[in-house]
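One file, target12.tsv, is given below (TSV, C-alpha atoms).
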chain	number	residue	atom	x	y	z
A	94	MET	CA	87.82	10.87	8.66
A	95	ALA	CA	86.49	14.29	9.67
A	96	ILE	CA	88.91	17.19	9.84
A	97	ALA	CA	88.32	19.51	12.79
A	98	VAL	CA	88.55	23.22	12.06
A	99	SER	CA	89.03	25.51	15.01
A	100	ASP	CA	86.75	28.43	15.81
A	101	GLU	CA	89.80	30.69	15.45
A	102	LEU	CA	90.33	29.62	11.85
A	103	LEU	CA	86.63	29.95	11.07
A	104	GLY	CA	86.55	33.40	12.68
A	105	THR	CA	89.43	34.42	10.43
A	106	PHE	CA	88.34	33.03	7.08
A	107	VAL	CA	84.53	32.85	7.14
A	108	PRO	CA	84.08	36.67	7.07
A	109	ILE	CA	86.37	36.82	4.03
A	110	ALA	CA	84.27	34.21	2.26
A	111	VAL	CA	81.13	36.12	3.28
A	112	TYR	CA	82.61	39.30	1.80
A	113	TRP	CA	83.04	37.82	-1.67
A	114	LEU	CA	79.81	35.81	-1.62
A	115	TYR	CA	77.63	38.73	-0.51
A	116	SER	CA	79.29	41.25	-2.80
A	117	GLY	CA	79.03	38.67	-5.60
A	118	LEU	CA	75.27	38.65	-5.07
A	119	TYR	CA	75.18	42.38	-5.76
A	120	VAL	CA	77.40	41.94	-8.82
A	121	ALA	CA	74.89	39.41	-10.15
A	122	LEU	CA	71.99	41.79	-9.43
A	123	ASP	CA	73.83	44.51	-11.34
A	124	GLY	CA	73.07	42.64	-14.54
A	125	VAL	CA	69.31	42.63	-13.88
A	126	GLU	CA	67.60	45.44	-15.76
A	127	ARG	CA	64.82	45.94	-13.18
A	128	VAL	CA	67.39	46.57	-10.45
A	129	HIS	CA	68.70	49.66	-12.24
A	130	SER	CA	65.69	51.65	-11.06
A	131	TYR	CA	67.05	51.23	-7.50
A	132	ARG	CA	70.59	52.40	-8.28
A	133	LEU	CA	71.86	55.47	-6.43
A	134	HIS	CA	73.98	56.42	-9.47
A	135	PRO	CA	73.50	55.76	-13.18
A	136	LYS	CA	75.64	52.88	-14.39
A	137	ALA	CA	77.57	55.20	-16.72
A	138	GLU	CA	78.79	57.31	-13.79
A	139	GLU	CA	80.91	54.44	-12.49
A	140	ALA	CA	83.13	54.64	-15.57
A	141	THR	CA	83.34	58.45	-15.63
A	142	LYS	CA	83.71	59.23	-11.91
A	143	ASN	CA	85.67	56.27	-10.53
A	144	VAL	CA	89.37	56.56	-11.33
A	145	VAL	CA	90.33	52.99	-10.48
A	146	SER	CA	89.49	49.78	-12.36
A	147	ARG	CA	87.50	46.92	-10.85
A	148	ALA	CA	90.51	44.63	-11.26
A	149	ALA	CA	92.66	47.01	-9.20
A	150	VAL	CA	89.94	47.11	-6.55
A	151	VAL	CA	89.90	43.31	-6.29
A	152	ARG	CA	93.69	43.24	-5.90
A	153	GLY	CA	93.56	45.99	-3.26
A	154	VAL	CA	90.91	44.20	-1.22
A	155	LEU	CA	92.84	40.91	-1.35
A	156	VAL	CA	95.94	42.69	0.00
A	157	GLN	CA	93.92	44.10	2.89
A	158	GLN	CA	92.39	40.72	3.65
A	159	ALA	CA	95.87	39.16	3.71
A	160	PHE	CA	96.86	41.66	6.43
A	161	GLN	CA	93.60	40.86	8.19
A	162	VAL	CA	94.42	37.13	8.23
A	163	VAL	CA	97.91	37.69	9.63
A	164	VAL	CA	96.69	39.96	12.45
A	165	ALA	CA	93.74	37.69	13.33
A	166	LEU	CA	95.84	34.52	13.49
A	167	THR	CA	98.50	36.33	15.53
A	168	LEU	CA	95.88	37.62	17.95
A	169	PHE	CA	94.31	34.20	18.40
A	170	ALA	CA	97.76	32.65	18.93
A	171	VAL	CA	98.61	35.18	21.64
A	172	ILE	CA	95.35	34.99	23.61
A	173	GLY	CA	94.54	31.32	22.97
A	174	ASP	CA	95.55	28.24	24.91
A	175	ASP	CA	97.12	25.00	23.78
A	176	SER	CA	94.41	22.70	25.09
A	177	GLY	CA	92.58	22.52	21.78
A	178	ILE	CA	89.27	22.79	23.65
A	179	ALA	CA	86.86	25.45	22.42
A	180	GLN	CA	85.80	28.08	24.93
A	181	LYS	CA	82.41	27.53	26.49
A	182	GLN	CA	79.76	29.77	25.01
A	183	PRO	CA	78.00	32.16	27.42
A	184	SER	CA	74.23	32.55	27.56
A	185	ALA	CA	72.30	34.05	24.65
A	186	VAL	CA	71.74	37.25	26.64
A	187	VAL	CA	75.48	37.67	27.18
A	188	ILE	CA	76.20	37.00	23.50
A	189	VAL	CA	73.70	39.68	22.44
A	190	LEU	CA	75.29	42.11	24.90
A	191	GLN	CA	78.74	41.28	23.52
A	192	PHE	CA	77.45	41.94	20.00
A	193	PHE	CA	76.26	45.41	20.97
A	194	ILE	CA	79.48	46.18	22.83
A	195	GLY	CA	81.47	45.03	19.80
A	196	MET	CA	79.34	47.20	17.51
A	197	PHE	CA	79.80	50.24	19.75
A	198	VAL	CA	83.57	49.74	20.00
A	199	MET	CA	83.92	49.28	16.25
A	200	ASP	CA	81.77	52.32	15.47
A	201	THR	CA	83.66	54.48	17.98
A	202	TRP	CA	87.09	53.46	16.71
A	203	GLN	CA	86.18	53.83	13.06
A	204	TYR	CA	84.43	57.18	13.50
A	205	PHE	CA	87.38	58.90	15.15
A	206	MET	CA	90.05	57.28	12.97
A	207	HIS	CA	88.02	57.89	9.83
A	208	ARG	CA	87.33	61.51	10.71
A	209	TYR	CA	90.98	62.15	11.58
A	210	MET	CA	92.02	60.84	8.18
A	211	HIS	CA	89.84	63.56	6.67
A	212	ILE	CA	91.12	66.29	9.01
A	213	ASN	CA	94.81	65.46	8.53
A	214	LYS	CA	95.61	66.59	4.98
A	215	PHE	CA	98.69	64.37	4.72
A	216	LEU	CA	96.78	61.25	5.75
A	217	TYR	CA	93.89	62.09	3.44
A	218	LYS	CA	96.11	62.74	0.43
A	219	HIS	CA	98.41	59.75	0.85
A	220	ILE	CA	96.17	57.22	2.63
A	221	HIS	CA	92.41	57.74	2.79
A	222	SER	CA	91.89	59.31	-0.64
A	223	LYS	CA	92.44	55.85	-2.14
A	224	HIS	CA	89.04	54.76	-0.82
A	225	HIS	CA	87.43	57.93	-2.19
A	226	THR	CA	88.58	57.16	-5.73
A	227	LEU	CA	85.31	55.20	-5.73
A	228	VAL	CA	82.95	58.16	-5.99
A	229	VAL	CA	80.32	55.69	-7.13
A	230	PRO	CA	80.58	52.92	-4.52
A	231	TYR	CA	79.90	49.28	-5.32
A	232	SER	CA	79.76	46.15	-3.19
A	233	PHE	CA	83.23	44.60	-3.44
A	234	GLY	CA	84.86	48.03	-3.21
A	235	ALA	CA	83.77	48.29	0.43
A	236	LEU	CA	87.23	47.34	1.72
A	237	TYR	CA	89.22	49.03	-1.04
A	238	ASN	CA	91.63	51.08	1.06
A	239	HIS	CA	95.29	51.87	1.40
A	240	PRO	CA	96.82	48.88	3.27
A	241	LEU	CA	97.73	51.12	6.21
A	242	GLU	CA	94.15	52.41	6.47
A	243	GLY	CA	92.82	48.87	6.28
A	244	LEU	CA	95.16	47.88	9.09
A	245	ILE	CA	94.25	50.85	11.32
A	246	LEU	CA	90.51	51.20	10.70
A	247	ASP	CA	89.31	47.70	9.96
A	248	THR	CA	91.80	45.19	11.32
A	249	ILE	CA	92.77	46.95	14.55
A	250	GLY	CA	89.18	48.14	15.01
A	251	GLY	CA	88.00	44.56	14.67
A	252	ALA	CA	90.61	43.31	17.14
A	253	LEU	CA	89.53	45.93	19.71
A	254	SER	CA	85.88	44.95	19.24
A	255	PHE	CA	86.75	41.33	19.86
A	256	LEU	CA	88.92	41.97	22.91
A	257	LEU	CA	86.83	44.63	24.67
A	258	SER	CA	83.52	42.83	24.17
A	259	GLY	CA	84.90	39.60	25.62
A	260	MET	CA	83.32	37.49	22.87
A	261	THR	CA	84.59	33.99	22.19
A	262	PRO	CA	86.20	33.00	18.87
A	263	ARG	CA	82.96	31.17	18.01
A	264	THR	CA	80.87	34.29	18.58
A	265	SER	CA	83.38	36.28	16.52
A	266	ILE	CA	82.55	34.13	13.48
A	267	PHE	CA	79.02	35.52	13.49
A	268	PHE	CA	79.94	39.04	14.64
A	269	PHE	CA	82.54	39.66	11.94
A	270	SER	CA	80.42	37.99	9.28
A	271	PHE	CA	77.56	40.35	10.18
A	272	ALA	CA	79.91	43.37	10.22
A	273	THR	CA	81.16	42.31	6.79
A	274	ILE	CA	77.64	42.02	5.38
A	275	LYS	CA	76.80	45.44	6.80
A	276	THR	CA	79.92	47.06	5.31
A	277	VAL	CA	79.32	45.55	1.87
A	278	ASP	CA	75.68	46.59	1.99
A	279	ASP	CA	76.61	50.19	2.86
A	280	HIS	CA	78.72	50.35	-0.31
A	281	CYS	CA	76.41	48.43	-2.65
A	282	GLY	CA	75.12	51.55	-4.42
A	283	LEU	CA	71.55	50.26	-4.37
A	284	TRP	CA	68.40	50.99	-2.41
A	285	LEU	CA	66.52	47.74	-2.78
A	286	PRO	CA	62.97	47.46	-1.43
A	287	GLY	CA	62.65	45.06	1.48
A	288	ASN	CA	66.29	45.35	2.53
A	289	ILE	CA	66.05	44.60	6.26
A	290	LEU	CA	69.35	46.36	6.99
A	291	HIS	CA	67.83	49.63	5.76
A	292	ALA	CA	64.92	49.12	8.13
A	293	LEU	CA	67.15	48.36	11.12
A	294	PHE	CA	69.92	50.92	10.59
A	295	ASN	CA	69.91	54.61	9.68
A	296	ASN	CA	73.50	54.09	8.61
A	297	ASN	CA	72.97	52.50	5.20
A	298	SER	CA	73.89	52.71	1.52
A	299	ALA	CA	72.14	56.06	0.97
A	300	TYR	CA	73.63	57.56	4.14
A	301	HIS	CA	77.16	56.48	3.24
A	302	ASP	CA	76.76	57.51	-0.39
A	303	ILE	CA	76.48	61.12	0.83
A	304	HIS	CA	79.95	60.80	2.36
A	305	HIS	CA	81.44	59.62	-0.94
A	306	GLN	CA	80.27	62.77	-2.74
A	307	LEU	CA	82.25	66.02	-2.69
A	308	TYR	CA	79.53	67.93	-0.82
A	309	GLY	CA	79.38	65.24	1.90
A	310	ASN	CA	83.11	64.66	2.32
A	311	LYS	CA	83.14	66.25	5.79
A	312	TYR	CA	79.97	64.53	6.99
A	313	ASN	CA	78.59	61.05	7.72
A	314	PHE	CA	81.84	59.53	8.97
A	315	SER	CA	80.05	56.90	11.06
A	316	GLN	CA	80.44	53.29	9.97
A	317	PRO	CA	79.37	50.58	9.81
A	318	PHE	CA	76.43	50.37	12.23
A	319	PHE	CA	75.01	53.51	13.83
A	320	VAL	CA	74.97	57.29	13.26
A	321	LEU	CA	75.49	58.10	16.94
A	322	TRP	CA	78.84	59.89	16.74
A	323	ASP	CA	77.84	61.92	13.69
A	324	LYS	CA	74.80	63.24	15.55
A	325	ILE	CA	76.69	63.93	18.80
A	326	LEU	CA	79.61	65.71	17.13
A	327	GLY	CA	77.75	67.67	14.45
A	328	THR	CA	78.86	65.76	11.35
A	329	TYR	CA	75.44	64.28	10.60
A	330	MET	CA	74.07	65.16	7.16
A	331	PRO	CA	70.48	63.93	6.72
A	332	TYR	CA	69.46	62.82	3.25
A	333	SER	CA	66.37	62.43	1.14
A	334	LEU	CA	65.93	59.78	-1.52
A	335	GLU	CA	64.77	61.46	-4.71
A	336	GLN	CA	63.81	60.11	-8.11
A	337	ARG	CA	66.60	60.80	-10.57
A	338	LYS	CA	65.82	62.24	-13.97
A	339	GLY	CA	66.41	59.44	-16.43
A	340	GLY	CA	65.60	56.74	-13.89
A	341	GLY	CA	66.96	55.46	-10.63
A	342	LEU	CA	67.34	57.14	-7.26
A	343	GLU	CA	69.57	59.80	-5.80
A	344	SER	CA	70.60	60.33	-2.19
A	345	ARG	CA	70.58	64.09	-1.69
A	346	PRO	CA	71.23	66.26	1.39
A	347	VAL	CA	67.95	67.50	2.86
A	348	LYS	CA	69.00	71.16	2.62
A	349	LEU	CA	69.81	70.75	-1.07
A	350	VAL	CA	66.42	69.10	-1.68
A	351	GLU	CA	64.61	71.93	0.11
A	352	GLN	CA	66.53	74.56	-1.84
A	353	THR	CA	65.72	72.86	-5.15
A	354	LYS	CA	62.01	72.69	-4.33
A	355	THR	CA	62.04	76.38	-3.36
A	356	ASP	CA	63.75	77.33	-6.63
If you convert what's in this file into structure tokens, what do you get?
Amino acid sequence: MAIAVSDELLGTFVPIAVYWLYSGLYVALDGVERVHSYRLHPKAEEATKNVVSRAAVVRGVLVQQAFQVVVALTLFAVIGDDSGIAQKQPSAVVIVLQFFIGMFVMDTWQYFMHRYMHINKFLYKHIHSKHHTLVVPYSFGALYNHPLEGLILDTIGGALSFLLSGMTPRTSIFFFSFATIKTVDDHCGLWLPGNILHALFNNNSAYHDIHHQLYGNKYNFSQPFFVLWDKILGTYMPYSLEQRKGGGLESRPVKLVEQTKTD
């Protein structure tokens, strides 16, 4: 006998499964020697610069995802109906439009909340600095945040994207899975050739790596899709990918690259 699973449940739990599966792919690649030439930081830097263990990161992400589940199920319960009939899907054109609206809403919310957590010294010290303990980002650390930050930036931002775009629970399965893949990719710490996300988005692993460094802490707040707000509001720091001495790559601010070449 088949067990029916609602779109609401799938929209809640599929992105979480996608998070661990996609980040697990990068963990597996981390053990491949050839991949090290595409790392944005030497492997040794993870141990020396990151002040939190991988086990603590896993626990922190699971806590955030638990909050995410509670909020998502509550939201679906409030806006849903008791008929048990799935909402009719709109046309493909409308779904694409809803995707872009959702992306814009999420980017807008996260940019201003993220930037404010850097401006407000109390919030940075007690909330947002937890995410920046990962100076050398890696895939499954993408959602390693203080629980309050995770609630404000990610969970509420996701809820607003869903509500304001008008997407159905079924569409949300794909939207939030894609947003999850994009967020993990931005924190993967690799610049792999042929990565289609790097071709489609200027906001990528190299762009976000700048933000995780001390010199880029006040720049590149945009996440996870576009760089629009950074460019409009003067917090855009362009980068150049340079070969690192000893192997691998380094994402460096353009001005720093130009100064080095002049020297």
Subject >> Nearest-residue call for A:Phe197, choices A:Gly340, A:Gly173, A:Gly309, A:Gly250, using all atoms listed in the file >> reply: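 Checking each candidate against A:Phe197, we get A:Gly250 as the closest.
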Original post:
Got a sec: who's within 8 Å of stretch 215-227 of chain A, counting all atoms listed in the file, leaving out chain neighbours fewer than 6 positions off, as a PyMOL selection string?
Top reply: chain A and resi 142-145+234+237-239+241-242+305
Original post:
Quick one: of A:Lys214, A:Arg345, A:His129, A:His280, who's nearest to A:Tyr231, counting only C-alpha atoms?
Top reply: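 Using only C-alpha atoms, A:Tyr231 sits closest to A:His280.
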Coordinates of box centre and edge lengths for stretch 179-192 of chain A, 8 Å on every side, axis-aligned, as lines of an AutoDock Vina configuration file:
center_x = 79.3
center_y = 33.8
center_z = 23.8
size_x = 31.1
size_y = 32.7
size_z = 23.6
Original post:
Leaving out A:Met196 and any residue of its chain fewer than 5 positions from it, which residues lie within 12 Å of it when counting all atoms listed in the file, given as a ChimeraX atom specification?
Top reply: /A:189-191,201-204,250-255,257-258,260,265,268-269,271-273,275,315-321
**OP:** Would you mind reading off the distance between atom CA of A:His134 and atom CA of A:Leu283, one decimal, in Å?
**Re:**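 Atom CA of A:His134 sits 8.4 Å away from atom CA of A:Leu283.
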